[in-house]
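Chemist: As input, take coords.tsv (TSV, C-alpha atoms and all ligand atoms):
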chain	number	residue	atom	x	y	z
A	27	MET	CA	169.70	151.06	28.70
A	28	ASP	CA	169.96	154.48	30.31
A	29	LEU	CA	169.90	157.77	28.45
A	30	VAL	CA	172.06	160.86	28.64
A	31	VAL	CA	170.76	164.06	27.07
A	32	ILE	CA	173.64	166.41	26.27
A	33	MET	CA	172.45	170.01	26.18
A	34	ARG	CA	174.02	172.57	23.85
A	35	SER	CA	176.44	174.95	25.55
A	36	THR	CA	174.01	177.74	24.65
A	37	ALA	CA	170.96	176.00	26.18
A	38	THR	CA	168.92	178.22	28.47
A	39	ARG	CA	167.73	177.39	31.98
A	40	ALA	CA	164.18	177.12	30.66
A	41	GLN	CA	165.25	174.66	27.94
A	42	LYS	CA	167.10	172.50	30.49
A	43	ASP	CA	164.09	172.53	32.79
A	44	ALA	CA	161.79	171.62	29.92
A	45	VAL	CA	163.94	168.57	29.10
A	46	SER	CA	163.94	167.46	32.76
A	47	GLU	CA	160.19	167.85	32.92
A	48	ARG	CA	159.67	165.81	29.78
A	49	VAL	CA	162.00	163.06	31.05
A	50	ASN	CA	160.17	162.96	34.37
A	51	GLY	CA	156.86	163.01	32.53
A	52	LEU	CA	157.96	159.83	30.77
A	53	GLY	CA	158.63	158.28	34.19
A	54	LEU	CA	162.42	158.15	33.60
A	55	ARG	CA	163.70	160.16	36.65
A	56	ALA	CA	165.85	162.97	35.28
A	57	HIS	CA	169.17	163.77	36.95
A	58	THR	CA	170.84	167.02	35.95
A	59	SER	CA	174.63	167.32	36.05
A	60	GLU	CA	175.57	170.97	35.55
A	61	GLY	CA	179.16	170.92	34.33
A	62	GLU	CA	181.54	173.80	33.83
A	63	PHE	CA	180.88	173.76	30.08
A	64	ARG	CA	177.87	171.56	29.44
A	65	THR	CA	174.79	170.31	31.16
A	66	MET	CA	173.91	166.61	30.97
A	67	ILE	CA	170.52	165.31	31.90
A	68	SER	CA	170.56	161.60	32.47
A	69	ALA	CA	167.58	159.33	32.72
A	70	ALA	CA	166.72	155.82	33.78
A	71	GLY	CA	166.30	153.08	31.22
A	72	SER	CA	164.00	153.19	28.26
A	73	LYS	CA	163.79	150.61	25.51
A	74	ASP	CA	161.63	152.85	23.39
A	75	ILE	CA	163.63	154.36	20.55
A	76	THR	CA	160.95	156.98	19.97
A	77	VAL	CA	161.82	158.46	23.37
A	78	VAL	CA	165.33	159.20	22.07
A	79	GLN	CA	163.91	160.76	18.95
A	80	GLN	CA	161.44	162.87	20.89
A	81	LEU	CA	164.05	164.16	23.31
A	82	GLU	CA	166.47	164.94	20.49
A	83	GLN	CA	163.94	167.36	19.02
A	84	LEU	CA	163.53	169.46	22.14
A	85	PRO	CA	165.01	172.97	21.98
A	86	GLY	CA	168.54	173.24	23.39
A	87	VAL	CA	169.31	169.52	23.03
A	88	ASP	CA	172.55	168.63	21.29
A	89	ARG	CA	172.47	164.82	21.39
A	90	VAL	CA	170.86	161.92	23.20
A	91	LEU	CA	173.05	158.90	23.96
A	92	ALA	CA	172.06	155.44	25.11
A	93	VAL	CA	174.39	153.86	27.69
A	94	THR	CA	174.24	150.25	28.84
A	95	GLN	CA	176.53	150.68	31.88
A	96	PRO	CA	175.21	151.77	35.28
A	97	TYR	CA	177.91	154.45	35.38
A	98	ARG	CA	176.48	156.79	32.80
A	99	LEU	CA	178.79	159.80	32.65
A	100	ALA	CA	181.94	157.79	33.40
A	101	SER	CA	181.35	155.37	30.53
A	102	ARG	CA	183.09	155.27	27.18
A	103	GLU	CA	179.69	154.91	25.60
A	104	PHE	CA	178.92	158.39	26.82
A	105	HIS	CA	182.29	159.85	25.84
A	106	GLU	CA	184.40	157.95	23.33
A	107	THR	CA	187.70	159.79	23.52
A	108	ASP	CA	189.95	160.07	26.57
A	109	THR	CA	189.16	162.92	28.90
A	110	ILE	CA	192.03	165.31	29.46
A	111	ILE	CA	191.94	167.31	32.68
A	112	ASP	CA	193.89	170.52	33.01
A	113	VAL	CA	195.18	171.36	36.47
A	114	LYS	CA	197.10	174.64	36.47
A	115	GLY	CA	198.42	173.92	32.98
A	116	ILE	CA	199.33	170.27	33.69
A	117	ARG	CA	197.40	168.05	31.30
A	118	ILE	CA	196.26	164.75	32.78
A	119	GLY	CA	194.91	161.86	30.72
A	120	GLY	CA	194.87	161.05	27.00
A	121	PRO	CA	198.45	160.63	25.80
A	122	HIS	CA	199.94	162.56	28.74
A	123	VAL	CA	201.91	160.69	31.40
A	124	ASN	CA	202.40	162.49	34.72
A	125	VAL	CA	204.11	161.57	37.93
A	126	ILE	CA	202.71	162.68	41.27
A	127	ALA	CA	205.27	162.45	44.05
A	128	GLY	CA	206.05	163.56	47.57
A	129	PRO	CA	205.99	162.30	51.12
A	130	CYS	CA	203.13	160.20	52.43
A	131	ALA	CA	202.45	162.76	55.15
A	132	ILE	CA	203.40	166.37	55.58
A	133	GLU	CA	205.59	166.07	58.64
A	134	SER	CA	207.45	169.35	58.63
A	135	ARG	CA	208.18	172.32	56.42
A	136	GLU	CA	211.79	171.18	55.95
A	137	LEU	CA	210.86	167.69	54.83
A	138	LEU	CA	208.16	168.86	52.43
A	139	PHE	CA	210.41	171.44	50.78
A	140	GLU	CA	213.37	169.07	50.58
A	141	VAL	CA	211.39	166.21	49.06
A	142	GLY	CA	209.32	168.61	46.93
A	143	GLN	CA	212.43	170.14	45.40
A	144	ALA	CA	213.92	166.70	44.73
A	145	VAL	CA	210.84	165.33	42.98
A	146	LYS	CA	210.38	168.54	41.02
A	147	ASP	CA	214.00	168.41	39.82
A	148	ALA	CA	213.50	164.79	38.79
A	149	GLY	CA	210.46	165.76	36.70
A	150	ALA	CA	207.39	165.08	38.85
A	151	SER	CA	204.56	167.38	37.85
A	152	ILE	CA	202.29	167.27	40.92
A	153	LEU	CA	203.26	167.39	44.60
A	154	ARG	CA	201.59	165.02	47.05
A	155	GLY	CA	201.46	165.22	50.84
A	156	GLY	CA	198.87	164.08	53.37
A	157	ALA	CA	197.57	166.50	56.00
A	158	PHE	CA	194.63	164.37	57.15
A	159	LYS	CA	195.92	160.82	57.42
A	160	PRO	CA	193.48	157.91	57.63
A	161	ARG	CA	195.38	155.46	59.84
A	162	SER	CA	194.52	151.90	60.74
A	163	SER	CA	195.39	152.70	64.36
A	164	PRO	CA	193.91	155.64	66.28
A	165	TYR	CA	197.29	155.93	68.06
A	166	SER	CA	199.29	156.53	64.86
A	167	PHE	CA	200.23	160.01	63.58
A	168	GLN	CA	197.05	161.53	62.17
A	169	GLY	CA	198.63	164.33	60.13
A	170	LEU	CA	199.15	168.05	60.73
A	171	GLY	CA	195.66	168.99	59.55
A	172	VAL	CA	195.15	172.59	58.41
A	173	GLU	CA	198.73	173.46	59.39
A	174	GLY	CA	199.86	170.80	56.91
A	175	LEU	CA	197.57	172.17	54.20
A	176	LYS	CA	199.15	175.59	54.59
A	177	LEU	CA	202.63	174.10	54.21
A	178	LEU	CA	201.50	172.18	51.12
A	179	LYS	CA	200.22	175.36	49.49
A	180	GLU	CA	203.39	177.19	50.36
A	181	ALA	CA	205.54	174.41	48.85
A	182	GLY	CA	203.32	174.09	45.75
A	183	ASP	CA	203.53	177.83	45.14
A	184	ALA	CA	207.28	177.96	45.72
A	185	LEU	CA	207.95	175.00	43.42
A	186	ASN	CA	205.27	175.97	40.91
A	187	MET	CA	203.61	172.56	41.22
A	188	PRO	CA	199.91	171.77	41.60
A	189	THR	CA	199.21	169.85	44.81
A	190	ILE	CA	197.14	166.86	45.84
A	191	THR	CA	196.07	165.91	49.34
A	192	GLU	CA	193.55	163.57	50.89
A	193	VAL	CA	190.24	164.78	52.25
A	194	THR	CA	188.62	162.34	54.65
A	195	ASP	CA	185.60	164.23	55.93
A	196	PRO	CA	182.87	166.12	54.04
A	197	ARG	CA	183.25	168.92	56.60
A	198	ASP	CA	186.87	169.48	55.51
A	199	VAL	CA	186.13	169.82	51.80
A	200	GLU	CA	185.93	173.60	51.97
A	201	VAL	CA	189.20	174.09	53.81
A	202	VAL	CA	191.09	171.55	51.66
A	203	ALA	CA	189.79	173.33	48.53
A	204	GLN	CA	191.27	176.57	49.86
A	205	TYR	CA	194.78	175.15	49.93
A	206	ALA	CA	195.11	172.24	47.47
A	207	ASP	CA	194.51	171.76	43.75
A	208	ILE	CA	193.35	168.13	43.67
A	209	PHE	CA	191.27	166.25	46.22
A	210	GLN	CA	192.45	162.73	46.94
A	211	ILE	CA	189.74	160.32	48.00
A	212	GLY	CA	191.54	157.52	49.83
A	213	ALA	CA	190.94	153.84	49.29
A	214	ARG	CA	189.11	153.59	52.62
A	215	ASN	CA	186.77	156.38	51.62
A	216	MET	CA	186.04	155.29	48.07
A	217	GLN	CA	182.47	154.58	49.04
A	218	ASN	CA	182.00	157.47	51.44
A	219	PHE	CA	179.15	158.73	49.30
A	220	ASN	CA	178.60	161.95	51.25
A	221	LEU	CA	182.24	162.83	50.75
A	222	LEU	CA	181.98	162.08	47.02
A	223	LEU	CA	178.88	164.24	46.71
A	224	GLU	CA	180.59	167.10	48.54
A	225	VAL	CA	183.72	167.13	46.33
A	226	GLY	CA	181.37	166.75	43.36
A	227	LYS	CA	179.94	170.16	44.18
A	228	THR	CA	183.34	171.83	43.77
A	229	ASP	CA	185.28	172.53	40.60
A	230	LYS	CA	188.55	170.96	41.80
A	231	ALA	CA	189.88	167.76	40.24
A	232	VAL	CA	189.14	164.62	42.27
A	233	PHE	CA	191.56	161.67	42.40
A	234	ILE	CA	189.67	158.56	43.53
A	235	LYS	CA	191.58	155.55	44.78
A	236	ARG	CA	190.13	152.11	44.37
A	237	GLY	CA	188.97	150.59	47.64
A	238	LEU	CA	190.93	147.68	49.11
A	239	ALA	CA	188.17	145.28	48.19
A	240	ALA	CA	186.24	147.20	45.57
A	241	SER	CA	185.42	146.01	42.08
A	242	ILE	CA	186.15	148.13	39.04
A	243	THR	CA	182.43	148.70	38.58
A	244	GLU	CA	182.21	150.01	42.15
A	245	LEU	CA	185.13	152.35	41.50
A	246	LEU	CA	183.39	153.68	38.40
A	247	MET	CA	180.15	154.14	40.35
A	248	SER	CA	182.10	156.22	42.87
A	249	ALA	CA	183.36	158.36	39.99
A	250	GLU	CA	179.73	158.66	38.90
A	251	TYR	CA	178.81	160.17	42.27
A	252	VAL	CA	181.25	163.02	41.61
A	253	LEU	CA	180.34	163.41	37.93
A	254	SER	CA	176.63	163.43	38.74
A	255	GLN	CA	177.14	166.58	40.82
A	256	GLY	CA	178.56	168.46	37.84
A	257	ASN	CA	182.25	168.05	38.67
A	258	HIS	CA	183.59	166.38	35.55
A	259	ARG	CA	187.25	166.46	36.58
A	260	VAL	CA	187.71	162.91	37.89
A	261	ILE	CA	190.90	160.83	37.88
A	262	LEU	CA	190.94	157.17	38.95
A	263	CYS	CA	193.71	155.27	40.71
A	264	GLU	CA	194.49	151.58	41.11
A	265	ARG	CA	196.37	151.21	44.41
A	266	GLY	CA	196.31	147.48	45.07
A	267	ILE	CA	193.58	145.21	46.38
A	268	ARG	CA	193.46	142.54	49.07
A	269	THR	CA	194.34	139.07	47.89
A	270	PHE	CA	195.88	135.98	49.47
A	271	ALA	CA	199.39	137.10	48.41
A	272	GLU	CA	201.28	137.72	51.65
A	273	GLU	CA	204.53	139.01	50.21
A	274	VAL	CA	203.12	142.42	49.42
A	275	ARG	CA	200.87	144.77	51.36
A	276	PHE	CA	198.26	144.70	48.59
A	277	THR	CA	198.22	143.20	45.10
A	278	LEU	CA	198.50	145.78	42.35
A	279	ASP	CA	195.81	144.89	39.84
A	280	VAL	CA	197.62	145.98	36.68
A	281	SER	CA	194.78	144.62	34.60
A	282	ALA	CA	192.58	147.37	36.08
A	283	VAL	CA	194.39	149.85	33.81
A	284	PRO	CA	193.34	148.44	30.42
A	285	VAL	CA	189.98	147.29	31.79
A	286	ILE	CA	189.10	150.77	33.07
A	287	GLN	CA	190.38	152.34	29.87
A	288	GLU	CA	188.11	150.12	27.86
A	289	ARG	CA	185.09	151.03	29.96
A	290	SER	CA	185.75	154.65	30.82
A	291	HIS	CA	187.16	157.83	29.30
A	292	LEU	CA	188.59	158.97	32.64
A	293	PRO	CA	192.37	159.00	33.26
A	294	VAL	CA	193.64	156.08	35.35
A	295	PHE	CA	196.75	156.21	37.55
A	296	VAL	CA	198.62	153.50	39.41
A	297	ASP	CA	199.92	153.79	42.98
A	298	PRO	CA	202.79	151.31	43.35
A	299	SER	CA	203.75	152.59	46.82
A	300	HIS	CA	200.65	151.56	48.74
A	301	ALA	CA	200.30	148.35	46.74
A	302	ALA	CA	203.88	147.26	47.42
A	303	GLY	CA	204.39	148.41	50.97
A	304	LYS	CA	208.13	147.94	50.36
A	305	ARG	CA	210.37	150.40	48.54
A	306	ASP	CA	212.21	147.85	46.41
A	307	LEU	CA	208.96	146.77	44.81
A	308	VAL	CA	207.89	150.30	43.90
A	309	PRO	CA	209.97	150.72	40.70
A	310	PRO	CA	208.91	147.45	39.01
A	311	LEU	CA	205.23	148.07	39.81
A	312	ALA	CA	205.42	151.67	38.64
A	313	LEU	CA	206.98	150.52	35.37
A	314	ALA	CA	204.31	147.86	34.91
A	315	GLY	CA	201.57	150.44	35.40
A	316	VAL	CA	202.98	152.91	32.90
A	317	ALA	CA	203.83	150.18	30.38
A	318	ALA	CA	200.22	149.00	30.69
A	319	GLY	CA	199.11	152.46	29.61
A	320	ALA	CA	198.37	154.29	32.88
A	321	ALA	CA	198.02	158.07	32.74
A	322	GLY	CA	200.64	158.25	35.45
A	323	VAL	CA	201.81	157.07	38.82
A	324	ILE	CA	201.68	158.44	42.35
A	325	ILE	CA	204.81	157.65	44.34
A	326	GLU	CA	205.83	158.26	47.93
A	327	VAL	CA	209.29	159.72	48.33
A	328	HIS	CA	211.11	160.49	51.60
A	329	SER	CA	214.63	161.75	52.23
A	330	CYS	CA	214.94	159.88	55.52
A	331	PRO	CA	212.44	156.99	55.44
A	332	GLU	CA	213.68	155.44	58.68
A	333	LYS	CA	212.39	158.53	60.46
A	334	ALA	CA	209.13	158.83	58.48
A	335	MET	CA	206.01	159.18	60.59
A	336	CYS	CA	203.95	157.26	58.06
A	337	ASP	CA	204.65	154.62	55.39
A	338	GLY	CA	208.46	154.80	55.73
A	339	PRO	CA	209.13	151.22	54.49
A	340	GLN	CA	207.57	151.97	51.10
A	341	ALA	CA	209.12	155.42	50.60
A	342	VAL	CA	211.61	155.66	47.75
A	343	LEU	CA	214.76	157.76	48.27
A	344	PRO	CA	215.12	160.85	46.05
A	345	LYS	CA	218.12	159.35	44.24
A	346	ARG	CA	216.24	156.18	43.28
A	347	PHE	CA	213.23	158.26	42.32
A	348	LYS	CA	215.30	160.27	39.85
A	349	GLN	CA	216.55	157.08	38.22
A	350	LEU	CA	213.02	155.68	38.13
A	351	MET	CA	211.87	158.73	36.17
A	352	ASP	CA	214.27	157.78	33.37
A	353	GLU	CA	213.02	154.20	33.43
A	354	LEU	CA	209.42	155.38	33.38
A	355	ARG	CA	210.09	157.37	30.23
A	356	LEU	CA	211.05	154.12	28.49
A	357	ALA	CA	207.95	152.39	29.85
A	358	ALA	CA	205.84	155.24	28.48
A	359	GLN	CA	207.37	154.70	25.06
A	360	LEU	CA	206.44	151.03	25.24
A	361	ALA	CA	202.86	152.00	25.96
A	362	GLY	CA	202.57	153.69	22.58
A	363	ASN	CA	201.75	157.24	21.68
A	364	ARG	CA	202.59	158.78	25.06
A	365	VAL	CA	203.95	162.14	26.04
A	366	THR	CA	205.77	162.26	29.37
A	367	ALA	CA	205.31	165.52	31.25
A	368	TRP	CA	208.99	165.46	32.22
A	369	GLY	CA	209.91	165.86	28.60
A	370	ASP	CA	211.97	163.92	26.17
A	371	ASP	CA	213.16	164.77	22.74
A	372	THR	CA	210.77	162.51	20.88
A	373	GLY	CA	207.57	162.33	22.86
A	374	THR	CA	206.94	166.02	23.33
A	375	GLN	CA	207.11	166.60	19.63
A	376	ARG	CA	204.39	164.10	18.82
A	377	LYS	CA	201.12	165.55	17.76
A	378	VAL	CA	198.65	165.30	20.58
A	379	GLU	CA	194.98	164.97	19.91
A	380	SER	CA	192.80	166.73	22.38
A	381	GLY	CA	189.85	164.74	23.59
A	382	GLY	CA	188.52	166.59	26.60
A	383	TRP	CA	184.76	166.29	26.81
A	384	MET	CA	184.67	169.52	28.72
A	385	SER	CA	185.92	171.61	25.86
B	401	LIG	C1	197.96	157.70	50.77
B	401	LIG	O1	197.99	158.01	49.57
B	401	LIG	O2	198.77	158.14	51.59
B	401	LIG	C2	196.97	156.70	51.20
B	401	LIG	C3	196.58	156.64	52.47
B	401	LIG	O3	196.54	155.90	50.24
B	401	LIG	P1	195.35	154.78	50.22
B	401	LIG	O4	194.09	155.52	50.48
B	401	LIG	O5	195.45	154.22	48.84
B	401	LIG	O6	195.69	153.78	51.27
B	402	MN	MN	200.92	156.64	52.42
Is it possible to give me this structure as structure tokens?
Ligand code: PEP
Ligand code: MN

Modeler:
Amino acid sequence: MDLVVIMRSTATRAQKDAVSERVNGLGLRAHTSEGEFRTMISAAGSKDITVVQQLEQLPGVDRVLAVTQPYRLASREFHETDTIIDVKGIRIGGPHVNVIAGPCAIESRELLFEVGQAVKDAGASILRGGAFKPRSSPYSFQGLGVEGLKLLKEAGDALNMPTITEVTDPRDVEVVAQYADIFQIGARNMQNFNLLLEVGKTDKAVFIKRGLAASITELLMSAEYVLSQGNHRVILCERGIRTFAEEVRFTLDVSAVPVIQERSHLPVFVDPSHAAGKRDLVPPLALAGVAAGAAGVIIEVHSCPEKAMCDGPQAVLPKRFKQLMDELRLAAQLAGNRVTAWGDDTGTQRKVESGGWMS
């Protein structure tokens, strides 16, 4: 059983240091996570209940929690209610359902603006587009790099949409942060721990995709890397794992949605595009994810998929995407007390409980 000491928002530097010193004095290896609003000091296991009592009495301490999971800050034991993350006024997590959409890669200004406008009109709340593309082949299109980031920012500003893009290298974290609102950590980089530590030092939201062969515990430990650095704005994404099923590119593990929600307070998205690999399979998988209670979906859309430089076969056409948004609203209703960001006359009027642990 590990411990997390939650400091009061008014705690002073000296009080935080005193708690760390006491924890270390007990041989429990203190780790301080300085968040935007609160500081958490976590500690290795102790079975001694008097330790909890002693720490609780130190000046500046709000509460001391015992967590049984190895992911301390990501666990529901640490934070019972759903975390809600605000990105430029878009609320992610809790009852909110959001759709992230856009092309796989930023190929040109024209394409990004055309697809961006289409997904915005259909109700998507966040614009996606890859500038640094991790490709299986070194000979495939690798993305436009910083030029692509600039176009993404321009499109996001023009459409008034927050943006998400993948960062593949710790050395690019600074430049990506300059242009995008959410860092995407790709499936292949889920356990690039230096990258996770680097984005953890920023205050931008981080969208972590589950690795192709990673367990849910491993995904949550990756989230922990970011949280441990004081960046508490983490979103998780199930994007399909490798199985023996040959009909699809990857197998979407829909069960990951309720399982993660049981174990963690962090929002969990589903990526039907990369799981399916084929556009016709994207709508049913997206619906399954939202009906299972996902905080949203991330979908690749392209206006001319046969000419796409990356992931064309799985790109949905704008027209089908618009129709899917209507279907997703129904799936969100099935999932219970959900509010779709693209509005409907019942959902938006429901009372929404705020559960952000940052506030
Ligand atoms: C992507 O979103 O374009 C992507 C490469 O996804 P993944 O890391 O899940 O393969
Ligand atoms: Mn892609």

Chemist: Select from range 226-327 of chain A every residue with an atom at most 12 Å from any atom of range 358-361 of chain A, then for each give the shortest pair of atoms and their distance in Å to one decimal, using only C-alpha atoms, rows by chain and rising number, as CSV.

Modeler:
residue,atom,partner,partner_atom,distance
A:Val283,CA,A:Ala361,CA,11.7
A:Pro284,CA,A:Ala361,CA,11.1
A:Ala312,CA,A:Ala358,CA,10.8
A:Leu313,CA,A:Ala358,CA,8.4
A:Ala314,CA,A:Ala358,CA,9.9
A:Gly315,CA,A:Ala358,CA,9.4
A:Val316,CA,A:Ala358,CA,5.8
A:Ala317,CA,A:Ala361,CA,4.9
A:Ala318,CA,A:Ala361,CA,6.2
A:Gly319,CA,A:Ala361,CA,5.3
A:Ala320,CA,A:Ala361,CA,8.6
A:Ala321,CA,A:Ala358,CA,9.3
A:Gly322,CA,A:Ala358,CA,9.2
A:Val323,CA,A:Ala358,CA,11.2

Chemist: For those residues, write C-alpha atoms to a file as a CSV table (one decimal), in the coordinates of the input.

Modeler:
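That gives us again.csv:
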chain,number,residue,atom,x,y,z
A,283,VAL,CA,194.4,149.8,33.8
A,284,PRO,CA,193.3,148.4,30.4
A,312,ALA,CA,205.4,151.7,38.6
A,313,LEU,CA,207.0,150.5,35.4
A,314,ALA,CA,204.3,147.9,34.9
A,315,GLY,CA,201.6,150.4,35.4
A,316,VAL,CA,203.0,152.9,32.9
A,317,ALA,CA,203.8,150.2,30.4
A,318,ALA,CA,200.2,149.0,30.7
A,319,GLY,CA,199.1,152.5,29.6
A,320,ALA,CA,198.4,154.3,32.9
A,321,ALA,CA,198.0,158.1,32.7
A,322,GLY,CA,200.6,158.2,35.4
A,323,VAL,CA,201.8,157.1,38.8

Chemist: Tell me which protein, DNA and RNA residues are within 10 Å of Gly149 in chain A, counting all atoms listed in the file, leaving out same-chain ones fewer than 4 positions away, and put them as a list in words.

Modeler: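 Answer for this query is Asn124, Val125, Ile126, Ala127, Gln143, Ala144, Val145, Phe347, Lys348, Met351, Asp352, Thr366, Ala367, Trp368 and Gly369 of chain A.
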
Chemist: Tell me which of A:His57, A:His328, A:Arg265, A:Lys235 sits closest to Leu99 in chain A, counting only C-alpha atoms.

Modeler: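 Of A:His57, A:His328, A:Arg265, A:Lys235, the one nearest Leu99 in chain A is A:His57, counting only C-alpha atoms.
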
Chemist: Please identify all protein, DNA and RNA residues within 8 Å of ligand MN 402 (chain B), counting only C-alpha atoms and all ligand atoms, and report them as an mmCIF file with C-alpha atoms, keeping the file's coordinate frame.

Modeler:
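Written output follows (result07.cif):
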data_model
loop_
_atom_site.group_PDB
_atom_site.id
_atom_site.type_symbol
_atom_site.label_atom_id
_atom_site.label_comp_id
_atom_site.auth_asym_id
_atom_site.auth_seq_id
_atom_site.Cartn_x
_atom_site.Cartn_y
_atom_site.Cartn_z
ATOM 1 C CA PRO A 129 205.990 162.300 51.120
ATOM 2 C CA CYS A 130 203.130 160.200 52.430
ATOM 3 C CA ALA A 131 202.450 162.760 55.150
ATOM 4 C CA GLY A 156 198.870 164.080 53.370
ATOM 5 C CA SER A 299 203.750 152.590 46.820
ATOM 6 C CA HIS A 300 200.650 151.560 48.740
ATOM 7 C CA GLU A 326 205.830 158.260 47.930
ATOM 8 C CA CYS A 336 203.950 157.260 58.060
ATOM 9 C CA ASP A 337 204.650 154.620 55.390
#

Chemist: Calculated over only C-alpha atoms and all ligand atoms, which of the candidates A:Thr243, A:Ser162, A:Asn186, A:Thr107 has the smallest distance to ligand LIG 401 (chain B)?

Modeler: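 Comparing A:Thr243, A:Ser162, A:Asn186, A:Thr107 against ligand LIG 401 (chain B), the winner is A:Ser162.
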
Chemist: Find the residues around Glu133 in chain A up to 8 Å (only C-alpha atoms counted), leave out those fewer than 3 positions away in its own chain, and share them as a ChimeraX atom specification.

Modeler: /A:137-138,169-170,174,335

Chemist: Using C-alpha atoms, can you write the selected residues to a file as a compact mmCIF listing (two decimals), keeping the file's coordinate frame?

Modeler:
# COMPACT_ATOMS: atom_id res chain seq x y z
CA LEU A 137 210.86 167.69 54.83
CA LEU A 138 208.16 168.86 52.43
CA GLY A 169 198.63 164.33 60.13
CA LEU A 170 199.15 168.05 60.73
CA GLY A 174 199.86 170.80 56.91
CA MET A 335 206.01 159.18 60.59

Chemist: Could you list, as a ChimeraX atom specification, every residue within 8 Å of Ile208 in chain A, counting all atoms listed in the file and ignoring same-chain residues fewer than 4 positions away?

Modeler: /A:188-191,203,230-233

Chemist: Please put the answer as AutoDock Vina command-line options: centre and edge lengths, in Å with one decimal, of a box along x, y and z that encloses all listed atoms of ligand LIG 401 (chain B) plus 6 Å on each side.

Modeler:
--center_x 196.4 --center_y 156.0 --center_z 50.7 --size_x 16.7 --size_y 16.4 --size_z 15.6

Chemist: Would you mind reading off the distance between CA of Pro344 in chain A and CA of Val141 in chain A, one decimal, in Å?

Modeler: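 Those two atoms sit 7.2 Å apart.
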
Chemist: Write out as a ChimeraX atom specification each polymer residue whose atoms come within 7 Å of Met66 in chain A, counting all atoms listed in the file; drop sequence neighbours fewer than 3 positions from it.

Modeler: /A:30-33,58-60

Chemist: Quick one: pull the distance between CA of Val327 in chain A and CA of Pro121 in chain A, Å, one decimal.

Modeler: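 It comes out at 25.0 Å.
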
Chemist: Quick one: of A:Ala148, A:Ile110, A:Val172, A:Ala341, who's nearest to Glu200 in chain A, counting only C-alpha atoms?

Modeler: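 Looking only at the distances to Glu200 in chain A, the closest residue turns out to be A:Val172.
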
Chemist: Using all atoms listed in the file, determine which residues lie at most 7 Å from Leu222 in chain A, disregarding the query and same-chain residues fewer than 3 positions distant; provide the list as an MDAnalysis selection string.

Modeler: chainID A and resid 218:219 225:226 251:252

Chemist: Counting all atoms listed in the file, I want the residues whose atoms come within 6 Å of (176.4, 168.0, 42.0) in the file frame, returned as a PyMOL selection string.

Modeler: chain A and resi 226-227+254-256

Chemist: Would you compute the distance between CA of Ser46 in chain A and CA of Pro85 in chain A? Give it in Å to one decimal.

Modeler: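 Those two atoms sit 12.2 Å apart.
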
Chemist: Kindly add N, CA and C atoms to the incomplete range 130-141 of chain A and provide the output as a PDB file, in the frame of the given file.

Modeler:
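Writing the result to out26.pdb gives the following:
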ATOM      1  N   CYS A 130     204.453 160.695  52.080  1.00  0.00           N
ATOM      2  CA  CYS A 130     203.130 160.200  52.430  1.00  0.00           C
ATOM      3  C   CYS A 130     202.404 161.290  53.218  1.00  0.00           C
ATOM      4  N   ALA A 131     203.061 161.732  54.293  1.00  0.00           N
ATOM      5  CA  ALA A 131     202.450 162.760  55.150  1.00  0.00           C
ATOM      6  C   ALA A 131     203.314 164.011  55.179  1.00  0.00           C
ATOM      7  N   ILE A 132     202.650 165.135  55.358  1.00  0.00           N
ATOM      8  CA  ILE A 132     203.400 166.370  55.580  1.00  0.00           C
ATOM      9  C   ILE A 132     203.815 166.335  57.049  1.00  0.00           C
ATOM     10  N   GLU A 133     205.105 166.210  57.262  1.00  0.00           N
ATOM     11  CA  GLU A 133     205.590 166.070  58.640  1.00  0.00           C
ATOM     12  C   GLU A 133     206.159 167.382  59.148  1.00  0.00           C
ATOM     13  N   SER A 134     206.843 168.074  58.249  1.00  0.00           N
ATOM     14  CA  SER A 134     207.450 169.350  58.630  1.00  0.00           C
ATOM     15  C   SER A 134     207.693 170.150  57.348  1.00  0.00           C
ATOM     16  N   ARG A 135     207.900 171.426  57.533  1.00  0.00           N
ATOM     17  CA  ARG A 135     208.180 172.320  56.420  1.00  0.00           C
ATOM     18  C   ARG A 135     209.460 171.866  55.706  1.00  0.00           C
ATOM     19  N   GLU A 136     210.484 171.561  56.500  1.00  0.00           N
ATOM     20  CA  GLU A 136     211.790 171.180  55.950  1.00  0.00           C
ATOM     21  C   GLU A 136     211.663 169.958  55.056  1.00  0.00           C
ATOM     22  N   LEU A 137     210.988 168.933  55.587  1.00  0.00           N
ATOM     23  CA  LEU A 137     210.860 167.690  54.830  1.00  0.00           C
ATOM     24  C   LEU A 137     210.102 167.934  53.520  1.00  0.00           C
ATOM     25  N   LEU A 138     208.995 168.649  53.611  1.00  0.00           N
ATOM     26  CA  LEU A 138     208.160 168.860  52.430  1.00  0.00           C
ATOM     27  C   LEU A 138     208.926 169.632  51.347  1.00  0.00           C
ATOM     28  N   PHE A 139     209.655 170.663  51.763  1.00  0.00           N
ATOM     29  CA  PHE A 139     210.410 171.440  50.780  1.00  0.00           C
ATOM     30  C   PHE A 139     211.576 170.641  50.211  1.00  0.00           C
ATOM     31  N   GLU A 140     212.229 169.862  51.054  1.00  0.00           N
ATOM     32  CA  GLU A 140     213.370 169.070  50.580  1.00  0.00           C
ATOM     33  C   GLU A 140     212.919 168.015  49.566  1.00  0.00           C
ATOM     34  N   VAL A 141     211.886 167.260  49.950  1.00  0.00           N
ATOM     35  CA  VAL A 141     211.390 166.210  49.060  1.00  0.00           C
ATOM     36  C   VAL A 141     210.727 166.843  47.824  1.00  0.00           C
TER      37      VAL A 141
END
